[in-house]
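Below you'll find the structure, written out as structure tokens, and then a few comments.
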Amino acid sequence: MVSRVIPVDDFDLVIFGGTGDLARRKILPGLFRRFRSGQMPADSRIIGAARSELDTSGYRAMIREAIVEFGGDEKSDTDTLDQFLNALDYVAIDAKGEGGWSELKSLIRDKVIKAFYFSVAPSLFGDLAERLHAHEIADTDSRIVVEKPFGRDLASAQALNATLAEHFDERQIYRIDHYLGKETVQNLMAVRFGNVLFEPLWNSHYVDHIQITVAETVGVGGRGGYYDKSGAMRDMVQNHLMQLLCLIAMEPPSVFGANEVRDEKLKVIRALQPVEAHHIVRGQYDASDDAASYRADVENPRSFTESFVAMKCHVSNWRWSDTPFYLRTGKKMKARTSEIAVVFKDLGHKMFEGDSARHRNILAIRLQPNEGMDLQVTIKEPGPGGMRLIDVPLDMTFADALGDDAEDATDAYERLIMDVIRGNQTLFMRGDEVEAAWAWTDPIIEGWEARNDVPKLYDAGSAGPDDAMMLMHRDGRRWRDIKG
Ligand code: NAP
């Protein structure tokens, strides 16, 4: 099957923080792939902006290096890389100063889509928004893209929303959560809402429970200072895991439109029950043979910040009242995996003689590594010897059937940036969603702070603290193995 790439309209994209880690590792290599595929129009411009005193050729050299390092196979295509780099400019700008803005204005064209990616600390969002307006660079059709962390609690998220709202309408603001840009996450919606098979079973009558796991093998890396003030709850649960939960739990929207989808997600967040303290396990990784402890990594020997959270949640509505959602995320775990598993109920009646095993259908949606979906089904074990049943995964990734299309899996960032240019907000968080998510997580974090809660230690390279296993065992359930 031939890949269909639909070019977006001509655009000028300014990346504030264009010299930073995110820009070099994700945004620019992603844009290069879109350029190479023909989706980014040849006339479009990308302008990096940061305080560093670079000229455009210095910036292009920096980005060439970044694409060679982080761009995957595409780096070998040097002619195309040269053409792409010609689309890049650079302006030295301090978000808090007045220098450089008129140069930026002179580089931006009138009759094209204008997008401004705020790939900088959130404390600079207000300065950037204000100056883009004061210097008449942004117009009423311009878009801004903002990164997590979007606040550290409800009050700060409200303040950030209010700051952005002074200069931009909600329809211009794209709050990025790259988990939503993953192919499998969108496929989840296609499978749910595009087939007759799943939706009738998608409720407490047939679904025993749902597990969402995001396990990382890395520790805090160079982000120790930020992470130690944040922790897994703020860094992962409030945004990525809750967004995944919303997509699994939401009602079908009447149409697949940005506000219709986000209205349904918001209803899920509002239906989340407060979580009881004994339904949450906080963990912190300890040293193991070849790995340092969390406290050593963040250079804070008295840190009580969690690098792991496991919790049991309830969505209190007609569809899900009896189905618990178990969420789990952690750093320095035994393997890197992100997975949603919809575990269906047992068949009550066993009609095959001698079969005492518990067979369950499980729909597993893997976000990484090897994005894909499989459905565990029970079949007869092949061969003679009677009706012995086994569980086998039915691969729903369909890579063979889709051929080139499946292989051309676009990275989440580049897909989302193309959505910004298209003006499609479906896969971006709305301000009220972000605030509702903080309204749910704030009491949990405040409870920990009030109790001086001490996280349970777990060995680096393990599956997390034993208490997380108990959270499931108490309910007669077990976590799926964390496999890379
Ligand atoms: P970073 O590596 O520290 O880069 C920050 C960028 O901002 C640099 O280009 C820096 O360049 C620029 N900058 C700093 N102060 C500035 C100012 N006053 N005016 C203009 N530019 C300024 O950070 P990052 O990792 O790229 O992260 C950027 C944002 O994305 C942060 O909000 C972060 O939380 C978020 N994020 C990052 C990742 C990731 O994987 N890196 C993932 C999710 C979210 P100069 O020093 O030259 O000014």
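Going by the structure tokens order, chains are called A, B, ..., each with residues numbered from 1, while ligands are numbered from 1 in the order shown.
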From a DSSP calculation on the backbone, collect every residue of region 89-202 of chain A in helix (DSSP H, G or I) and output the set as an MDAnalysis selection string.
-> chainID A and resid 101:107 122:134 154:165 170:172 178:181 183:193 199:201
List all protein, DNA and RNA residues that have any atom at most 10 Å from ligand 1, counting only C-alpha atoms and all ligand atoms, and write the list as a ChimeraX atom specification.
-> /A:15-27,48-54,92-97,117-125,127-128,146-150,176-178,222-223,226-227,235
Written file, previous selection with C-alpha atoms, as a PDB file, in the first residue's frame:
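This is the output file result10.pdb:
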```pdb
ATOM      1  CA  ILE A  15      10.733  27.663  18.222  1.00  0.00           C
ATOM      2  CA  PHE A  16      11.516  29.591  21.387  1.00  0.00           C
ATOM      3  CA  GLY A  17      14.112  27.442  23.143  1.00  0.00           C
ATOM      4  CA  GLY A  18      15.316  26.382  19.684  1.00  0.00           C
ATOM      5  CA  THR A  19      18.751  25.449  21.074  1.00  0.00           C
ATOM      6  CA  GLY A  20      17.367  23.342  23.941  1.00  0.00           C
ATOM      7  CA  ASP A  21      17.243  19.608  24.494  1.00  0.00           C
ATOM      8  CA  LEU A  22      13.640  19.141  23.351  1.00  0.00           C
ATOM      9  CA  ALA A  23      14.147  21.168  20.164  1.00  0.00           C
ATOM     10  CA  ARG A  24      17.318  19.285  19.234  1.00  0.00           C
ATOM     11  CA  ARG A  25      16.157  15.798  20.218  1.00  0.00           C
ATOM     12  CA  LYS A  26      12.521  15.799  19.162  1.00  0.00           C
ATOM     13  CA  ILE A  27      11.108  18.887  17.457  1.00  0.00           C
ATOM     14  CA  GLY A  48      14.982  29.101  16.233  1.00  0.00           C
ATOM     15  CA  ALA A  49      15.067  31.658  19.041  1.00  0.00           C
ATOM     16  CA  ALA A  50      16.999  31.613  22.316  1.00  0.00           C
ATOM     17  CA  ARG A  51      19.419  33.829  24.216  1.00  0.00           C
ATOM     18  CA  SER A  52      22.616  32.247  22.834  1.00  0.00           C
ATOM     19  CA  GLU A  53      24.455  34.516  20.419  1.00  0.00           C
ATOM     20  CA  LEU A  54      24.437  32.404  17.285  1.00  0.00           C
ATOM     21  CA  ALA A  92      18.909  35.754  19.492  1.00  0.00           C
ATOM     22  CA  ILE A  93      16.070  36.742  21.818  1.00  0.00           C
ATOM     23  CA  ASP A  94      15.735  36.905  25.569  1.00  0.00           C
ATOM     24  CA  ALA A  95      12.080  36.289  26.453  1.00  0.00           C
ATOM     25  CA  LYS A  96      12.452  38.909  29.162  1.00  0.00           C
ATOM     26  CA  GLY A  97      14.162  41.544  27.000  1.00  0.00           C
ATOM     27  CA  TYR A 117       6.450  26.761  20.007  1.00  0.00           C
ATOM     28  CA  PHE A 118       7.231  27.709  23.632  1.00  0.00           C
ATOM     29  CA  SER A 119       9.932  25.097  24.258  1.00  0.00           C
ATOM     30  CA  VAL A 120      11.157  26.977  27.322  1.00  0.00           C
ATOM     31  CA  ALA A 121      10.443  26.951  31.047  1.00  0.00           C
ATOM     32  CA  PRO A 122       6.766  27.754  31.820  1.00  0.00           C
ATOM     33  CA  SER A 123       7.893  30.802  33.822  1.00  0.00           C
ATOM     34  CA  LEU A 124       8.674  32.407  30.429  1.00  0.00           C
ATOM     35  CA  PHE A 125       5.296  31.721  28.790  1.00  0.00           C
ATOM     36  CA  ASP A 127       6.806  37.059  28.767  1.00  0.00           C
ATOM     37  CA  LEU A 128       6.702  35.425  25.355  1.00  0.00           C
ATOM     38  CA  VAL A 146       3.139  24.873  25.155  1.00  0.00           C
ATOM     39  CA  GLU A 147       4.896  22.002  26.868  1.00  0.00           C
ATOM     40  CA  LYS A 148       4.401  20.250  30.154  1.00  0.00           C
ATOM     41  CA  PRO A 149       4.717  20.892  33.031  1.00  0.00           C
ATOM     42  CA  PHE A 150       1.505  22.908  32.764  1.00  0.00           C
ATOM     43  CA  ILE A 176       1.060  19.240  24.018  1.00  0.00           C
ATOM     44  CA  ASP A 177       1.030  15.784  25.593  1.00  0.00           C
ATOM     45  CA  HIS A 178       3.086  13.657  23.234  1.00  0.00           C
ATOM     46  CA  GLY A 222      20.022  15.596  34.102  1.00  0.00           C
ATOM     47  CA  ARG A 223      16.581  16.719  35.308  1.00  0.00           C
ATOM     48  CA  TYR A 226      13.275  19.784  38.466  1.00  0.00           C
ATOM     49  CA  TYR A 227      12.178  16.225  39.178  1.00  0.00           C
ATOM     50  CA  ASP A 235       5.436  14.536  36.162  1.00  0.00           C
TER      51      ASP A 235
END
```
Determine, for each residue of region 383-464 of chain A having at least one atom at most 10 Å from an atom of region 284-288 of chain A, the closest pair of atoms and their separation in Å to one decimal, counting only C-alpha atoms; order by chain and ascending number, as a tab-separated table.
```
residue	atom	partner	partner_atom	distance
A:Val454	CA	A:Gln284	CA	9.0
A:Pro455	CA	A:Gln284	CA	5.8
A:Lys456	CA	A:Gln284	CA	6.1
A:Leu457	CA	A:Gln284	CA	5.0
A:Tyr458	CA	A:Tyr285	CA	4.9
A:Asp459	CA	A:Asp286	CA	5.0
A:Ala460	CA	A:Tyr285	CA	5.3
A:Gly461	CA	A:Ser288	CA	7.5
A:Ser462	CA	A:Tyr285	CA	8.9
A:Gly464	CA	A:Tyr285	CA	7.9
```
Do you know which residues are at most 9 Å from Gly38 (chain A) counting only C-alpha atoms, after dropping those on the same chain fewer than 5 positions away, and could you put them as a PyMOL selection string?
-> chain A and resi 5-7+33
Write out, as a CSV table (one decimal), in the first residue's frame, the residues just selected, with all heavy atoms.
```csv
chain,number,residue,atom,x,y,z
A,5,VAL,N,0.7,11.0,2.0
A,5,VAL,CA,1.1,12.2,2.8
A,5,VAL,C,0.5,13.4,2.2
A,5,VAL,O,0.6,13.7,1.1
A,5,VAL,CB,2.7,12.3,2.8
A,5,VAL,CG1,3.1,13.6,3.5
A,5,VAL,CG2,3.4,11.2,3.4
A,6,ILE,N,-0.4,14.0,3.1
A,6,ILE,CA,-1.1,15.2,2.6
A,6,ILE,C,-0.3,16.4,3.1
A,6,ILE,O,-0.2,16.6,4.3
A,6,ILE,CB,-2.5,15.2,3.1
A,6,ILE,CG1,-3.2,13.9,2.6
A,6,ILE,CG2,-3.3,16.5,2.7
A,6,ILE,CD1,-4.5,13.6,3.3
A,7,PRO,N,0.3,17.2,2.2
A,7,PRO,CA,1.0,18.4,2.7
A,7,PRO,C,0.2,19.3,3.5
A,7,PRO,O,-1.0,19.5,3.2
A,7,PRO,CB,1.5,19.0,1.4
A,7,PRO,CG,1.3,18.0,0.3
A,7,PRO,CD,0.2,17.1,0.7
A,33,ARG,N,11.8,14.9,9.4
A,33,ARG,CA,11.1,13.8,8.8
A,33,ARG,C,9.9,14.2,8.0
A,33,ARG,O,9.6,13.7,6.9
A,33,ARG,CB,10.7,12.8,9.9
A,33,ARG,CG,11.9,11.9,10.3
A,33,ARG,CD,11.4,10.8,11.2
A,33,ARG,NE,11.0,11.2,12.5
A,33,ARG,CZ,11.8,11.3,13.5
A,33,ARG,NH1,13.0,11.0,13.4
A,33,ARG,NH2,11.3,11.8,14.7
```
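Omitting Leu81 (chain A) and its sequence neighbours fewer than 4 positions away, and counting only C-alpha atoms, the residues within 8 Å are Phe32, Arg64, Lys75, Asp77 and Leu85 of chain A.
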Selected residues written out, all heavy atoms, as an mmCIF file, in the first residue's frame:
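result31.cif written:
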```
data_model
loop_
_atom_site.group_PDB
_atom_site.id
_atom_site.type_symbol
_atom_site.label_atom_id
_atom_site.label_comp_id
_atom_site.auth_asym_id
_atom_site.auth_seq_id
_atom_site.Cartn_x
_atom_site.Cartn_y
_atom_site.Cartn_z
ATOM 1 N N PHE A 32 12.237 17.536 10.335
ATOM 2 C CA PHE A 32 13.025 17.064 9.187
ATOM 3 C C PHE A 32 12.333 15.867 8.525
ATOM 4 O O PHE A 32 12.230 15.781 7.302
ATOM 5 C CB PHE A 32 14.451 16.701 9.619
ATOM 6 C CG PHE A 32 15.244 16.059 8.517
ATOM 7 C CD1 PHE A 32 15.370 16.681 7.273
ATOM 8 C CD2 PHE A 32 15.847 14.821 8.688
ATOM 9 C CE1 PHE A 32 16.082 16.086 6.236
ATOM 10 C CE2 PHE A 32 16.558 14.221 7.657
ATOM 11 C CZ PHE A 32 16.673 14.853 6.442
ATOM 12 N N ARG A 64 22.111 20.447 12.299
ATOM 13 C CA ARG A 64 22.627 19.331 11.488
ATOM 14 C C ARG A 64 23.162 18.232 12.426
ATOM 15 O O ARG A 64 22.843 17.061 12.295
ATOM 16 C CB ARG A 64 23.738 19.810 10.557
ATOM 17 C CG ARG A 64 24.339 18.666 9.714
ATOM 18 C CD ARG A 64 25.563 19.138 8.960
ATOM 19 N NE ARG A 64 25.268 20.133 7.943
ATOM 20 C CZ ARG A 64 24.815 19.867 6.716
ATOM 21 N NH1 ARG A 64 24.608 18.613 6.372
ATOM 22 N NH2 ARG A 64 24.581 20.835 5.864
ATOM 23 N N LYS A 75 19.132 10.593 8.599
ATOM 24 C CA LYS A 75 20.303 11.461 8.551
ATOM 25 C C LYS A 75 21.167 11.191 7.312
ATOM 26 O O LYS A 75 21.897 12.051 6.860
ATOM 27 C CB LYS A 75 21.132 11.254 9.809
ATOM 28 C CG LYS A 75 21.687 9.864 9.927
ATOM 29 C CD LYS A 75 22.222 9.618 11.280
ATOM 30 C CE LYS A 75 22.684 8.166 11.365
ATOM 31 N NZ LYS A 75 22.748 7.664 12.690
ATOM 32 N N ASP A 77 20.357 10.960 4.352
ATOM 33 C CA ASP A 77 19.896 11.661 3.156
ATOM 34 C C ASP A 77 20.425 13.100 3.189
ATOM 35 O O ASP A 77 19.708 14.039 3.519
ATOM 36 C CB ASP A 77 18.357 11.614 3.166
ATOM 37 C CG ASP A 77 17.785 12.076 1.849
ATOM 38 O OD1 ASP A 77 18.559 12.600 1.035
ATOM 39 O OD2 ASP A 77 16.569 11.912 1.667
ATOM 40 N N LEU A 85 17.822 22.314 6.084
ATOM 41 C CA LEU A 85 18.549 23.299 6.899
ATOM 42 C C LEU A 85 18.446 24.698 6.295
ATOM 43 O O LEU A 85 18.470 25.701 7.015
ATOM 44 C CB LEU A 85 20.015 22.875 7.049
ATOM 45 C CG LEU A 85 20.222 21.603 7.884
ATOM 46 C CD1 LEU A 85 21.662 21.115 7.803
ATOM 47 C CD2 LEU A 85 19.834 21.824 9.350
#
```
Looking only at the backbone, which of the residues in region 314-344 of chain A does DSSP tag as strand (DSSP E or B), as a VMD selection string?
-> chain A and resid 314 to 315 324 to 330 333 337 to 344
Let me see the file: selected residues, C-alpha atoms, as a short mmCIF file (atom, residue, chain, number, x, y, z; two decimals), in the first residue's frame.
```cif
data_model
loop_
_atom_site.label_atom_id
_atom_site.label_comp_id
_atom_site.auth_asym_id
_atom_site.auth_seq_id
_atom_site.Cartn_x
_atom_site.Cartn_y
_atom_site.Cartn_z
CA HIS A 314 -12.65 4.53 40.16
CA VAL A 315 -14.54 6.31 37.43
CA PRO A 324 -11.26 -0.41 38.79
CA PHE A 325 -8.48 1.34 36.87
CA TYR A 326 -4.98 0.52 38.11
CA LEU A 327 -2.29 3.03 37.17
CA ARG A 328 1.44 2.48 37.61
CA THR A 329 4.46 4.48 36.59
CA GLY A 330 8.06 4.55 37.71
CA MET A 333 12.17 -0.11 36.45
CA THR A 337 7.28 -0.16 28.48
CA SER A 338 4.04 1.80 28.18
CA GLU A 339 0.95 -0.30 27.96
CA ILE A 340 -2.78 -0.19 28.51
CA ALA A 341 -4.42 -3.55 29.19
CA VAL A 342 -8.18 -4.00 29.11
CA VAL A 343 -8.74 -7.22 31.05
CA PHE A 344 -12.12 -8.76 30.32
#
```
Tell me, as a list in words, which residues lie within 10 Å of Gly151 (chain A), counting only C-alpha atoms; anything in the same chain fewer than 3 positions away does not count.
-> Pro122, Ser123, Lys148, Leu154, Ala155, Ser156, Ala157, Gln158, Ala159, Leu160, Asn161, Arg234, Val434, Glu435 and Trp438 of chain A
Just give me the gap between CA of Ala115 (chain A) and CA of Asp432 (chain A) in Å, one decimal is fine.
->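 CA of Asp432 (chain A) lies 22.1 Å from CA of Ala115 (chain A).
The space separating CA of Ile379 (chain A) from CA of Arg319 (chain A) comes to 28.9 Å.
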What gap, in Å, lies between CA of Glu65 (chain A) and CA of Leu104 (chain A)?
-> 24.0 Å
A:Met429, A:Ala296, A:Val218, A:Ala129 ranked by distance to Cys246 (chain A), top pick (using only C-alpha atoms) |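 Of A:Met429, A:Ala296, A:Val218, A:Ala129, the one nearest Cys246 (chain A), counting only C-alpha atoms, is A:Met429.
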8 Å contact set for region 272-282 of chain A, only C-alpha atoms, chain neighbours under 6 positions out, as a list in words |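 Residues near the query, excluding close chain neighbours: Glu306, Ser307, Phe308, Val309, Ala310, Met311, Lys312, Cys313, His314, Val315, Ser316, Trp440, Ile444, Val454, Pro455, Lys456, Asp467, Ala468 and Leu471 of chain A.
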In terms of the shortest atom-to-atom distance over only C-alpha atoms, which of A:Asp395, A:Gln368, A:Tyr206, A:Lys229 is closest to Gly348 (chain A)?
-> A:Tyr206
